[in-house]
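The file run_31.cif comes next; it holds mmCIF, C-alpha atoms.
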```cif
data_protein
#
loop_
_atom_site.label_atom_id
_atom_site.label_comp_id
_atom_site.auth_asym_id
_atom_site.auth_seq_id
_atom_site.Cartn_x
_atom_site.Cartn_y
_atom_site.Cartn_z
CA MET A 11 -16.11 -6.77 -20.36
CA MET A 12 -13.71 -9.44 -21.66
CA PRO A 13 -14.47 -13.10 -20.86
CA THR A 14 -12.77 -14.10 -17.60
CA SER A 15 -10.53 -16.65 -19.32
CA THR A 16 -8.71 -14.01 -21.41
CA ARG A 17 -8.16 -11.54 -18.56
CA VAL A 18 -4.64 -11.40 -17.10
CA PRO A 19 -4.83 -11.97 -13.33
CA HIS A 20 -3.84 -9.04 -11.13
CA ARG A 21 -0.73 -9.61 -9.01
CA VAL A 22 -0.97 -8.53 -5.39
CA PHE A 23 1.89 -8.38 -2.89
CA GLY A 24 0.24 -8.56 0.51
CA THR A 25 -0.01 -9.97 4.01
CA ALA A 26 -3.18 -12.02 4.52
CA SER A 27 -3.72 -10.87 8.12
CA SER A 28 -3.23 -7.14 7.34
CA GLY A 29 -6.46 -5.16 7.07
CA ASN A 30 -4.95 -2.88 4.43
CA CYS A 31 -4.19 -5.98 2.35
CA HIS A 32 -7.45 -7.78 3.13
CA LYS A 33 -9.42 -4.84 1.70
CA VAL A 34 -7.67 -5.36 -1.66
CA ARG A 35 -8.55 -9.07 -1.59
CA LEU A 36 -12.18 -8.23 -0.74
CA THR A 37 -12.47 -5.75 -3.61
CA LEU A 38 -11.05 -8.31 -6.07
CA ASP A 39 -13.41 -10.99 -4.69
CA VAL A 40 -16.50 -8.75 -4.77
CA LEU A 41 -15.69 -7.76 -8.37
CA HIS A 42 -14.90 -11.39 -9.39
CA LEU A 43 -11.48 -10.30 -10.69
CA PRO A 44 -8.82 -13.03 -11.00
CA TYR A 45 -5.57 -12.45 -9.06
CA ARG A 46 -2.35 -14.04 -7.86
CA TRP A 47 -1.51 -13.34 -4.22
CA HIS A 48 2.17 -13.10 -3.24
CA GLU A 49 2.32 -13.46 0.54
CA ILE A 50 4.77 -11.03 2.18
CA ASP A 51 5.98 -11.42 5.78
CA ILE A 52 6.49 -7.89 7.09
CA MET A 53 7.81 -9.22 10.42
CA LYS A 54 10.70 -10.88 8.52
CA GLY A 55 11.59 -7.61 6.75
CA GLU A 56 10.33 -8.72 3.34
CA THR A 57 9.14 -5.16 2.55
CA ARG A 58 12.64 -3.75 3.26
CA THR A 59 14.63 -5.74 0.66
CA PRO A 60 16.17 -3.85 -2.31
CA GLU A 61 13.91 -5.83 -4.66
CA TYR A 62 10.77 -4.81 -2.78
CA LEU A 63 11.82 -1.18 -2.36
CA ALA A 64 12.43 -1.00 -6.11
CA MET A 65 8.72 -1.81 -6.57
CA ASN A 66 7.49 0.38 -3.67
CA PRO A 67 9.98 2.94 -2.29
CA ASN A 68 7.66 3.45 0.70
CA GLY A 69 8.22 -0.20 1.71
CA GLN A 70 4.62 -1.07 2.51
CA VAL A 71 2.02 -3.69 1.63
CA PRO A 72 -0.31 -4.00 -0.22
CA LEU A 73 1.11 -3.39 -3.66
CA LEU A 74 -0.68 -4.01 -6.97
CA GLN A 75 1.42 -4.95 -9.97
CA ILE A 76 -0.15 -3.53 -13.13
CA ASP A 77 2.51 -4.53 -15.68
CA ASP A 78 6.23 -5.43 -15.70
CA HIS A 79 7.23 -1.85 -14.91
CA THR A 80 4.18 -0.43 -13.11
CA TRP A 81 3.09 -0.81 -9.49
CA LEU A 82 0.40 0.94 -7.50
CA ALA A 83 0.76 1.44 -3.72
CA GLU A 84 -1.60 2.63 -0.95
CA SER A 85 -4.48 0.28 -0.20
CA ASN A 86 -7.26 2.81 -0.76
CA ALA A 87 -5.78 4.02 -4.07
CA ILE A 88 -5.69 0.36 -5.21
CA LEU A 89 -9.38 0.05 -4.25
CA CYS A 90 -10.22 3.16 -6.32
CA TYR A 91 -8.26 1.77 -9.29
CA LEU A 92 -9.94 -1.64 -9.17
CA ALA A 93 -13.43 -0.20 -8.59
CA ASP A 94 -13.19 2.57 -11.22
CA GLY A 95 -16.20 2.15 -13.53
CA THR A 96 -17.88 -0.54 -11.39
CA HIS A 97 -20.85 -0.53 -8.98
CA LEU A 98 -18.39 -0.18 -6.05
CA TRP A 99 -17.42 3.36 -7.14
CA PRO A 100 -20.30 5.88 -7.05
CA GLY A 101 -21.23 7.44 -10.39
CA ASP A 102 -22.43 10.68 -8.75
CA ARG A 103 -19.80 13.38 -8.12
CA LEU A 104 -20.89 14.11 -4.54
CA GLN A 105 -21.25 10.44 -3.57
CA ARG A 106 -17.81 9.75 -5.07
CA ALA A 107 -16.35 12.55 -2.93
CA ARG A 108 -18.29 11.18 0.07
CA ALA A 109 -16.72 7.74 -0.46
CA LEU A 110 -13.29 9.41 -0.59
CA GLN A 111 -14.07 11.44 2.55
CA TRP A 112 -14.58 8.21 4.48
CA MET A 113 -11.54 6.57 2.92
CA PHE A 114 -9.30 9.50 3.94
CA PHE A 115 -10.93 9.37 7.40
CA GLU A 116 -10.04 5.68 7.47
CA GLN A 117 -6.37 6.42 6.75
CA ASN A 118 -5.84 9.41 9.04
CA THR A 119 -8.27 8.86 11.96
CA HIS A 120 -9.32 5.20 12.04
CA GLU A 121 -6.51 2.94 10.80
CA PRO A 122 -3.57 4.59 12.65
CA ASN A 123 -5.38 3.98 15.95
CA ILE A 124 -7.47 0.83 15.49
CA ALA A 125 -4.86 -1.02 13.40
CA GLY A 126 -2.11 0.51 15.55
CA ALA A 127 -3.63 -0.97 18.72
CA ARG A 128 -4.07 -4.35 16.99
CA PHE A 129 -0.43 -4.27 15.86
CA ALA A 130 0.80 -3.56 19.41
CA ARG A 131 -1.31 -6.34 20.94
CA ALA A 132 -1.48 -9.06 18.28
CA TYR A 133 1.85 -8.65 16.43
CA LEU A 134 4.25 -7.10 18.96
CA LYS A 135 2.48 -8.89 21.87
CA GLN A 136 2.88 -5.74 23.98
CA PRO A 137 -0.38 -5.20 25.93
CA ASP A 138 1.49 -2.55 27.98
CA HIS A 139 2.79 -0.65 24.92
CA PRO A 140 3.13 3.03 25.98
CA ARG A 141 1.16 4.27 22.94
CA LEU A 142 -1.87 2.03 23.61
CA PRO A 143 -3.85 4.42 25.86
CA VAL A 144 -3.83 7.22 23.27
CA LEU A 145 -4.48 4.76 20.41
CA MET A 146 -7.50 3.37 22.30
CA GLU A 147 -8.88 6.83 23.09
CA ARG A 148 -8.56 7.99 19.48
CA GLY A 149 -9.83 4.67 18.11
CA TYR A 150 -13.02 4.96 20.16
CA LYS A 151 -13.48 8.53 18.88
CA ALA A 152 -13.28 7.19 15.31
CA LEU A 153 -15.88 4.54 16.18
CA ASP A 154 -18.10 7.29 17.68
CA VAL A 155 -18.02 9.15 14.35
CA MET A 156 -18.89 5.96 12.44
CA GLU A 157 -21.74 5.12 14.85
CA GLN A 158 -23.26 8.60 14.39
CA HIS A 159 -23.29 8.09 10.62
CA LEU A 160 -24.56 4.50 10.69
CA VAL A 161 -27.58 5.19 12.92
CA ARG A 162 -28.89 7.26 9.98
CA LEU A 163 -27.63 5.46 6.87
CA PRO A 164 -26.93 1.81 5.96
CA PHE A 165 -23.62 2.46 4.16
CA PHE A 166 -20.99 5.23 4.04
CA ALA A 167 -21.64 6.64 0.55
CA GLY A 168 -25.14 5.71 -0.65
CA GLU A 169 -24.95 2.07 -1.77
CA PHE A 170 -22.33 -0.46 -0.61
CA SER A 171 -18.99 0.81 -1.97
CA ILE A 172 -15.21 0.69 -1.52
CA ALA A 173 -15.67 3.13 1.39
CA ASP A 174 -17.42 0.31 3.28
CA ILE A 175 -14.77 -2.24 2.27
CA SER A 176 -12.04 0.15 3.44
CA LEU A 177 -13.59 0.77 6.87
CA PHE A 178 -14.74 -2.85 7.29
CA ALA A 179 -11.17 -4.17 7.15
CA TYR A 180 -9.99 -3.11 10.60
CA THR A 181 -13.41 -2.50 12.19
CA HIS A 182 -14.60 -6.11 12.03
CA LYS A 183 -11.39 -7.15 13.85
CA ALA A 184 -11.27 -4.18 16.24
CA ILE A 185 -11.58 -6.65 19.12
CA GLU A 186 -8.03 -7.83 18.31
CA GLY A 187 -6.89 -4.30 19.15
CA GLY A 188 -8.78 -4.48 22.46
CA PHE A 189 -11.84 -2.49 21.35
CA ASP A 190 -15.25 -3.46 22.74
CA LEU A 191 -18.04 -2.79 20.21
CA THR A 192 -20.90 -3.43 22.67
CA ALA A 193 -21.72 0.30 22.82
CA TYR A 194 -21.73 0.52 18.99
CA PRO A 195 -24.87 -1.32 17.80
CA ALA A 196 -25.04 0.51 14.46
CA VAL A 197 -21.41 -0.34 13.71
CA ARG A 198 -22.03 -4.00 14.59
CA ALA A 199 -25.14 -4.11 12.37
CA TRP A 200 -23.17 -2.52 9.51
CA VAL A 201 -20.35 -5.11 9.89
CA ALA A 202 -22.99 -7.88 9.61
CA ARG A 203 -24.55 -6.09 6.61
CA CYS A 204 -21.16 -5.88 4.87
CA LEU A 205 -20.60 -9.61 5.42
CA THR A 206 -23.84 -10.43 3.57
CA GLN A 207 -22.49 -8.80 0.38
CA PRO A 208 -21.33 -11.45 -2.14
CA GLY A 209 -17.54 -11.82 -2.03
CA MET A 210 -17.06 -10.35 1.46
CA SER A 211 -15.23 -12.43 4.08
CA ALA A 212 -13.56 -12.08 7.49
CA MET A 213 -9.80 -11.50 7.74
CA PRO A 214 -7.51 -14.29 9.02
CA ALA A 215 -5.95 -13.81 12.48
CA PRO A 216 -2.33 -12.58 12.70
CA MET B 3 -19.61 26.20 -17.53
CA MET B 4 -21.95 28.88 -16.17
CA PRO B 5 -20.78 32.51 -16.26
CA THR B 6 -18.93 33.36 -13.04
CA SER B 7 -21.52 35.94 -11.99
CA THR B 8 -24.30 33.34 -11.70
CA ARG B 9 -22.24 30.75 -9.82
CA VAL B 10 -22.92 30.47 -6.09
CA PRO B 11 -19.64 30.88 -4.20
CA HIS B 12 -18.40 27.83 -2.29
CA ARG B 13 -18.35 28.24 1.49
CA VAL B 14 -15.23 27.00 3.24
CA PHE B 15 -14.73 26.69 7.00
CA GLY B 16 -10.98 26.75 7.50
CA THR B 17 -7.91 28.02 9.30
CA ALA B 18 -5.69 30.12 7.02
CA SER B 19 -2.40 28.83 8.52
CA SER B 20 -3.42 25.13 8.33
CA GLY B 21 -1.90 23.23 5.40
CA ASN B 22 -4.98 21.03 5.11
CA CYS B 23 -7.08 24.19 4.71
CA HIS B 24 -4.58 26.03 2.51
CA LYS B 25 -4.74 23.20 -0.04
CA VAL B 26 -8.49 23.83 -0.42
CA ARG B 27 -7.86 27.56 -0.96
CA LEU B 28 -5.16 26.74 -3.54
CA THR B 29 -7.46 24.41 -5.47
CA LEU B 30 -10.21 27.04 -5.53
CA ASP B 31 -7.70 29.71 -6.63
CA VAL B 32 -6.11 27.55 -9.35
CA LEU B 33 -9.58 26.69 -10.70
CA HIS B 34 -10.79 30.34 -10.44
CA LEU B 35 -13.78 29.23 -8.35
CA PRO B 36 -15.45 31.91 -6.20
CA TYR B 37 -15.64 31.18 -2.45
CA ARG B 38 -16.39 32.66 0.95
CA TRP B 39 -13.84 31.77 3.64
CA HIS B 40 -15.08 31.40 7.23
CA GLU B 41 -12.00 31.60 9.46
CA ILE B 42 -12.06 29.04 12.30
CA ASP B 43 -9.73 29.25 15.32
CA ILE B 44 -9.00 25.66 16.30
CA MET B 45 -6.94 26.81 19.30
CA LYS B 46 -10.08 28.48 20.73
CA GLY B 47 -12.12 25.28 20.35
CA GLU B 48 -14.22 26.55 17.47
CA THR B 49 -14.31 23.06 15.88
CA ARG B 50 -15.69 21.54 19.12
CA THR B 51 -18.91 23.60 19.43
CA PRO B 52 -22.27 21.80 19.00
CA GLU B 53 -22.94 23.93 15.89
CA TYR B 54 -19.65 22.90 14.27
CA LEU B 55 -19.97 19.23 15.24
CA ALA B 56 -23.44 19.20 13.64
CA MET B 57 -21.74 20.12 10.34
CA ASN B 58 -18.71 17.84 10.83
CA PRO B 59 -18.99 15.16 13.56
CA ASN B 60 -15.21 14.56 13.27
CA GLY B 61 -14.60 18.17 14.45
CA GLN B 62 -11.93 19.10 11.92
CA VAL B 63 -11.16 21.79 9.38
CA PRO B 64 -11.39 22.23 6.45
CA LEU B 65 -15.07 21.74 5.70
CA LEU B 66 -16.80 22.54 2.40
CA GLN B 67 -20.47 23.57 2.53
CA ILE B 68 -22.25 22.33 -0.58
CA ASP B 69 -25.82 23.37 0.28
CA ASP B 70 -27.87 24.20 3.38
CA HIS B 71 -27.85 20.56 4.50
CA THR B 72 -24.71 19.14 2.89
CA TRP B 73 -21.08 19.38 4.00
CA LEU B 74 -17.97 17.60 2.79
CA ALA B 75 -15.04 16.94 5.15
CA GLU B 76 -11.46 15.68 4.67
CA SER B 77 -9.18 18.05 2.80
CA ASN B 78 -8.16 15.61 0.07
CA ALA B 79 -11.76 14.53 -0.58
CA ILE B 80 -12.67 18.21 -0.98
CA LEU B 81 -9.82 18.57 -3.51
CA CYS B 82 -11.15 15.58 -5.48
CA TYR B 83 -14.69 17.04 -5.44
CA LEU B 84 -13.57 20.49 -6.62
CA ALA B 85 -11.18 19.10 -9.26
CA ASP B 86 -13.57 16.45 -10.63
CA GLY B 87 -13.82 17.04 -14.40
CA THR B 88 -11.04 19.68 -14.51
CA HIS B 89 -7.39 19.63 -15.64
CA LEU B 90 -6.33 19.10 -11.99
CA TRP B 91 -7.86 15.58 -11.94
CA PRO B 92 -6.23 13.13 -14.39
CA GLY B 93 -8.54 11.72 -17.07
CA ASP B 94 -6.59 8.46 -17.31
CA ARG B 95 -7.58 5.68 -14.87
CA LEU B 96 -4.01 4.80 -13.83
CA GLN B 97 -2.92 8.44 -13.43
CA ARG B 98 -6.04 9.12 -11.38
CA ALA B 99 -5.13 6.20 -9.10
CA ARG B 100 -1.54 7.48 -8.98
CA ALA B 101 -2.77 10.90 -7.84
CA LEU B 102 -4.82 9.15 -5.13
CA GLN B 103 -1.82 7.01 -4.13
CA TRP B 104 0.14 10.16 -3.35
CA MET B 105 -2.81 11.81 -1.61
CA PHE B 106 -3.26 8.79 0.69
CA PHE B 107 0.52 8.80 1.25
CA GLU B 108 0.16 12.46 2.19
CA GLN B 109 -2.48 11.68 4.80
CA ASN B 110 -0.95 8.58 6.41
CA THR B 111 2.84 9.05 6.02
CA HIS B 112 3.57 12.74 5.34
CA GLU B 113 1.03 14.98 7.08
CA PRO B 114 0.90 13.20 10.47
CA ASN B 115 4.67 13.69 10.83
CA ILE B 116 5.52 16.91 8.98
CA ALA B 117 2.38 18.79 10.06
CA GLY B 118 2.60 17.10 13.47
CA ALA B 119 6.11 18.48 14.04
CA ARG B 120 5.00 21.94 12.86
CA PHE B 121 2.04 21.83 15.25
CA ALA B 122 4.29 20.93 18.21
CA ARG B 123 6.80 23.70 17.43
CA ALA B 124 4.72 26.53 15.93
CA TYR B 125 1.33 26.12 17.67
CA LEU B 126 2.07 24.40 20.99
CA LYS B 127 5.52 26.11 21.21
CA GLN B 128 6.97 22.85 22.57
CA PRO B 129 10.39 22.31 20.92
CA ASP B 130 10.99 19.54 23.50
CA HIS B 131 7.69 17.75 22.81
CA PRO B 132 8.30 14.02 23.50
CA ARG B 133 6.83 12.95 20.14
CA LEU B 134 9.11 15.23 18.09
CA PRO B 135 12.05 12.79 17.58
CA VAL B 136 9.80 10.10 16.05
CA LEU B 137 7.85 12.69 14.01
CA MET B 138 11.13 14.07 12.62
CA GLU B 139 12.49 10.63 11.75
CA ARG B 140 9.28 9.60 9.98
CA GLY B 141 8.92 13.01 8.30
CA TYR B 142 12.39 12.70 6.76
CA LYS B 143 11.50 9.20 5.53
CA ALA B 144 8.45 10.68 3.77
CA LEU B 145 10.67 13.36 2.20
CA ASP B 146 13.08 10.60 1.06
CA VAL B 147 10.24 8.88 -0.80
CA MET B 148 9.19 12.17 -2.44
CA GLU B 149 12.80 12.97 -3.44
CA GLN B 150 13.19 9.56 -5.12
CA HIS B 151 10.07 10.22 -7.20
CA LEU B 152 10.92 13.83 -8.06
CA VAL B 153 14.43 13.12 -9.38
CA ARG B 154 12.65 11.22 -12.17
CA LEU B 155 9.41 13.11 -12.76
CA PRO B 156 8.36 16.77 -12.53
CA PHE B 157 5.01 16.14 -10.79
CA PHE B 158 3.39 13.31 -8.81
CA ALA B 159 0.80 12.07 -11.33
CA GLY B 160 1.76 13.13 -14.86
CA GLU B 161 0.82 16.80 -15.18
CA PHE B 162 0.39 19.23 -12.25
CA SER B 163 -2.62 17.94 -10.27
CA ILE B 164 -4.32 17.96 -6.88
CA ALA B 165 -1.71 15.41 -5.75
CA ASP B 166 0.90 18.18 -6.04
CA ILE B 167 -1.35 20.70 -4.29
CA SER B 168 -1.96 18.21 -1.48
CA LEU B 169 1.75 17.47 -0.89
CA PHE B 170 2.81 21.10 -1.46
CA ALA B 171 0.74 22.35 1.49
CA TYR B 172 2.93 21.12 4.34
CA THR B 173 6.15 20.50 2.35
CA HIS B 174 6.75 24.15 1.43
CA LYS B 175 6.50 25.05 5.15
CA ALA B 176 8.36 21.97 6.44
CA ILE B 177 10.98 24.31 7.89
CA GLU B 178 8.36 25.45 10.44
CA GLY B 179 8.37 21.85 11.70
CA GLY B 180 12.16 21.94 11.96
CA PHE B 181 12.89 20.06 8.72
CA ASP B 182 15.96 21.06 6.70
CA LEU B 183 15.39 20.56 2.95
CA THR B 184 19.04 21.16 1.96
CA ALA B 185 19.53 17.44 1.20
CA TYR B 186 16.33 17.40 -0.94
CA PRO B 187 17.13 19.35 -4.14
CA ALA B 188 14.41 17.67 -6.21
CA VAL B 189 11.79 18.46 -3.56
CA ARG B 190 12.95 22.09 -3.43
CA ALA B 191 12.83 22.38 -7.25
CA TRP B 192 9.32 20.88 -7.26
CA VAL B 193 8.15 23.38 -4.60
CA ALA B 194 9.43 26.20 -6.82
CA ARG B 195 7.76 24.59 -9.86
CA CYS B 196 4.43 24.37 -8.02
CA LEU B 197 4.66 28.06 -7.08
CA THR B 198 4.94 29.03 -10.77
CA GLN B 199 1.50 27.51 -11.47
CA PRO B 200 -1.17 30.25 -11.77
CA GLY B 201 -3.18 30.51 -8.54
CA MET B 202 -0.57 28.91 -6.28
CA SER B 203 0.63 30.82 -3.22
CA ALA B 204 2.53 30.29 0.03
CA MET B 205 0.65 29.62 3.27
CA PRO B 206 0.51 32.29 6.01
CA ALA B 207 2.52 31.64 9.20
CA PRO B 208 0.65 30.33 12.28
#
```
Starting from the coordinates I provided, produce the structure as structure tokens.
Amino acid sequence: MMPTSTRVPHRVFGTASSGNCHKVRLTLDVLHLPYRWHEIDIMKGETRTPEYLAMNPNGQVPLLQIDDHTWLAESNAILCYLADGTHLWPGDRLQRARALQWMFFEQNTHEPNIAGARFARAYLKQPDHPRLPVLMERGYKALDVMEQHLVRLPFFAGEFSIADISLFAYTHKAIEGGFDLTAYPAVRAWVARCLTQPGMSAMPAP
Amino acid sequence: MMPTSTRVPHRVFGTASSGNCHKVRLTLDVLHLPYRWHEIDIMKGETRTPEYLAMNPNGQVPLLQIDDHTWLAESNAILCYLADGTHLWPGDRLQRARALQWMFFEQNTHEPNIAGARFARAYLKQPDHPRLPVLMERGYKALDVMEQHLVRLPFFAGEFSIADISLFAYTHKAIEGGFDLTAYPAVRAWVARCLTQPGMSAMPAP
């Protein structure tokens, strides 16, 4: 590894109170990688400008700038890129696939519902949003699946990995989406366990 | 590599007309890996039985059985597991992350809308389903992003990879969700290009 002083800092375009962005910050912090954070206000349309869309045609944060002409989108793909070759990315083929299983679960089953409910309540300020009942029902089902895993194992793919960082992001702030974790003791213990890992921190409020 | 005759066939629990399952079949076929396919009827609740939930607590297909006590869920994680170390999984760190970027895009932006619209029309037979307008709008936005990429590059991550197999699954049957690909010439050319790869095939109708 090169000495820290000669490493070029990563550039991240992100929103501090977004779980998808916070997981990128956490991975950089856990790995002690230097970075420059460019704060983006999605509520002011800063991901819809021509300049931003030229970097990420899908118009989302976070975005990792790799060089003057290269950007990487999708939070969990950024985590895989940063963690490649480190202790956060399992060396074993099955454990690596297991980490990815939970990261795809996070994006298709967990985040759309738990982050979706948080967005409706904390960003849109719409506690009567018509989608909230189905988001809550599906979010609790995702938490059920996590609880079942965490009563048996301390982390999602063997040792602490990017799969934990990915699922931690919106789970530790699930209350902001209206979720009550009282009935999920294993999830709550895992959140506390994640926070004891060096470099881990809670996400700022919206 | 061991001779084919001594390799234990993979066991797949899947639904032949599901894009998420078809992508697993395609990856096995492209890699010439032997497998046994266990057909699951999701419309008859076969993913909700206690026996199935013991294998996959999230109650979804596809599911890859690795040994008597080990299963791997999430279609794209199964693709990564099967392709690990083969020509379908980029050897370069950035291209590997690029493949994952498109596979996460597939799961959070593409599949929920394009497969969601197909499910409403072709499985539920509800062409007036209340979610269809928003699924169609978001599905076309996903196709826009793909078109922008494919006017510049022949595949999603350098050479033909599991990122293409993942996005091919529901894109080549987008018409069953009511999507018209006339305005997407680069997407249509890429679908045709994917079908020329040895082992690739179209998905059966629902």
| message | To test your reading of the syntax: which residues would the PyMOL selection byres ((chain A) within 10 of (chain B)) return for the file shown? Reply as number ranges by chain. | response | A: 66-69, 76, 80-92, 94-95, 103-119, 121-122, 151-152, 154-156, 158-159
| message | When the PyMOL selection byres ((chain A and resi 200) around 9) is applied to the structure above, which residues does it catch, written out as a list in words? | response |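 Answer for the PyMOL selection byres ((chain A and resi 200) around 9): Leu160, Pro164, Phe165, Asp174, Phe178, Pro195, Ala196, Val197, Arg198, Ala199, Val201, Ala202, Arg203, Cys204 and Leu205 of chain A.
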| field | Residues selected by the PyMOL selection byres ((chain A and resi 33-37) around 6), written as a ChimeraX atom specification | value | /A:30-32,38-40,175-176,179,210
Taking 6 positions as the minimum chain separation for residues in the same chain, which residues sit within 9 Å of stretch 140-143 of chain A when counting only C-alpha atoms? Answer as a PDB file with C-alpha atoms, in the frame of the given file.
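Contents of around.pdb, freshly written:
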```pdb
ATOM      1  CA  ASN A 123      -5.380   3.980  15.950  1.00  0.00           C
ATOM      2  CA  GLY A 126      -2.110   0.510  15.550  1.00  0.00           C
ATOM      3  CA  ALA A 127      -3.630  -0.970  18.720  1.00  0.00           C
ATOM      4  CA  ALA A 130       0.800  -3.560  19.410  1.00  0.00           C
ATOM      5  CA  ARG A 131      -1.310  -6.340  20.940  1.00  0.00           C
TER       6      ARG A 131
END
```
| message | Please compute the atom CA of B:Met205-atom CA of B:Thr51 distance, one decimal, in Å. | response |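 According to the coordinates, atom CA of B:Met205 and atom CA of B:Thr51 are separated by 26.1 Å.
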| Long-range neighbours of stretch 49-54 of chain A as a ChimeraX atom specification, 7 Å cut-off, only C-alpha atoms, 6 positions minimum in chain | /A:23-26
| atom CA of B:Gly180 and atom CA of B:Pro129, how far apart in Å? |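 Those two atoms sit 9.1 Å apart.
Residue nearest B:Phe121 within the list B:Arg13, B:Lys175, B:Arg38, B:Arg50: B:Lys175 [criterion: smallest interatomic distance, all atoms listed in the file].
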| task | Go ahead and compute the interatomic distance for atom CA of B:Glu178 and atom CA of B:Glu139, in Å to one decimal. | result | 15.4 Å
| task | For B:Leu90, list every protein, DNA or RNA residue within 8 Å, evaluated using only C-alpha atoms, and leave out those in the same chain fewer than 6 positions away; present the list as a list in words. | result |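 The filter keeps Phe162, Ser163 and Ile164 of chain B.
Between A:Thr192 and the candidates A:Glu61, A:Glu157, A:Asp78, A:Asp138, the tightest atom-to-atom separation, counting all atoms listed in the file, involves A:Glu157.
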Please, can stretch 180-194 of chain A be completed to N, CA and C atoms and returned as a PDB file, in the frame of the given file?
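Output (selection.pdb):
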```pdb
ATOM      1  N   TYR A 180     -10.461  -3.077   9.217  1.00  0.00           N
ATOM      2  CA  TYR A 180      -9.990  -3.110  10.600  1.00  0.00           C
ATOM      3  C   TYR A 180     -11.116  -3.070  11.621  1.00  0.00           C
ATOM      4  N   THR A 181     -12.310  -2.596  11.221  1.00  0.00           N
ATOM      5  CA  THR A 181     -13.410  -2.500  12.190  1.00  0.00           C
ATOM      6  C   THR A 181     -13.894  -3.879  12.618  1.00  0.00           C
ATOM      7  N   HIS A 182     -14.017  -4.814  11.665  1.00  0.00           N
ATOM      8  CA  HIS A 182     -14.600  -6.110  12.030  1.00  0.00           C
ATOM      9  C   HIS A 182     -13.629  -6.935  12.879  1.00  0.00           C
ATOM     10  N   LYS A 183     -12.360  -6.483  12.970  1.00  0.00           N
ATOM     11  CA  LYS A 183     -11.390  -7.150  13.850  1.00  0.00           C
ATOM     12  C   LYS A 183     -10.885  -6.195  14.937  1.00  0.00           C
ATOM     13  N   ALA A 184     -11.682  -5.172  15.237  1.00  0.00           N
ATOM     14  CA  ALA A 184     -11.270  -4.180  16.240  1.00  0.00           C
ATOM     15  C   ALA A 184     -11.037  -4.840  17.592  1.00  0.00           C
ATOM     16  N   ILE A 185     -11.747  -5.938  17.850  1.00  0.00           N
ATOM     17  CA  ILE A 185     -11.580  -6.650  19.120  1.00  0.00           C
ATOM     18  C   ILE A 185     -10.126  -7.100  19.309  1.00  0.00           C
ATOM     19  N   GLU A 186      -9.435  -7.398  18.206  1.00  0.00           N
ATOM     20  CA  GLU A 186      -8.030  -7.830  18.310  1.00  0.00           C
ATOM     21  C   GLU A 186      -7.113  -6.684  18.743  1.00  0.00           C
ATOM     22  N   GLY A 187      -7.628  -5.447  18.628  1.00  0.00           N
ATOM     23  CA  GLY A 187      -6.890  -4.300  19.150  1.00  0.00           C
ATOM     24  C   GLY A 187      -7.339  -3.939  20.569  1.00  0.00           C
ATOM     25  N   GLY A 188      -8.304  -4.712  21.100  1.00  0.00           N
ATOM     26  CA  GLY A 188      -8.780  -4.480  22.460  1.00  0.00           C
ATOM     27  C   GLY A 188     -10.028  -3.613  22.523  1.00  0.00           C
ATOM     28  N   PHE A 189     -10.650  -3.335  21.368  1.00  0.00           N
ATOM     29  CA  PHE A 189     -11.840  -2.490  21.350  1.00  0.00           C
ATOM     30  C   PHE A 189     -13.102  -3.329  21.579  1.00  0.00           C
ATOM     31  N   ASP A 190     -13.986  -2.803  22.420  1.00  0.00           N
ATOM     32  CA  ASP A 190     -15.250  -3.460  22.740  1.00  0.00           C
ATOM     33  C   ASP A 190     -16.356  -2.743  21.964  1.00  0.00           C
ATOM     34  N   LEU A 191     -17.020  -3.429  21.058  1.00  0.00           N
ATOM     35  CA  LEU A 191     -18.040  -2.790  20.210  1.00  0.00           C
ATOM     36  C   LEU A 191     -19.448  -2.864  20.800  1.00  0.00           C
ATOM     37  N   THR A 192     -19.566  -3.304  22.057  1.00  0.00           N
ATOM     38  CA  THR A 192     -20.900  -3.430  22.670  1.00  0.00           C
ATOM     39  C   THR A 192     -21.689  -2.126  22.586  1.00  0.00           C
ATOM     40  N   ALA A 193     -21.024  -0.996  22.804  1.00  0.00           N
ATOM     41  CA  ALA A 193     -21.720   0.300  22.820  1.00  0.00           C
ATOM     42  C   ALA A 193     -21.904   0.873  21.406  1.00  0.00           C
ATOM     43  N   TYR A 194     -21.638   0.057  20.382  1.00  0.00           N
ATOM     44  CA  TYR A 194     -21.730   0.520  18.990  1.00  0.00           C
ATOM     45  C   TYR A 194     -22.657  -0.390  18.179  1.00  0.00           C
TER      46      TYR A 194
END
```
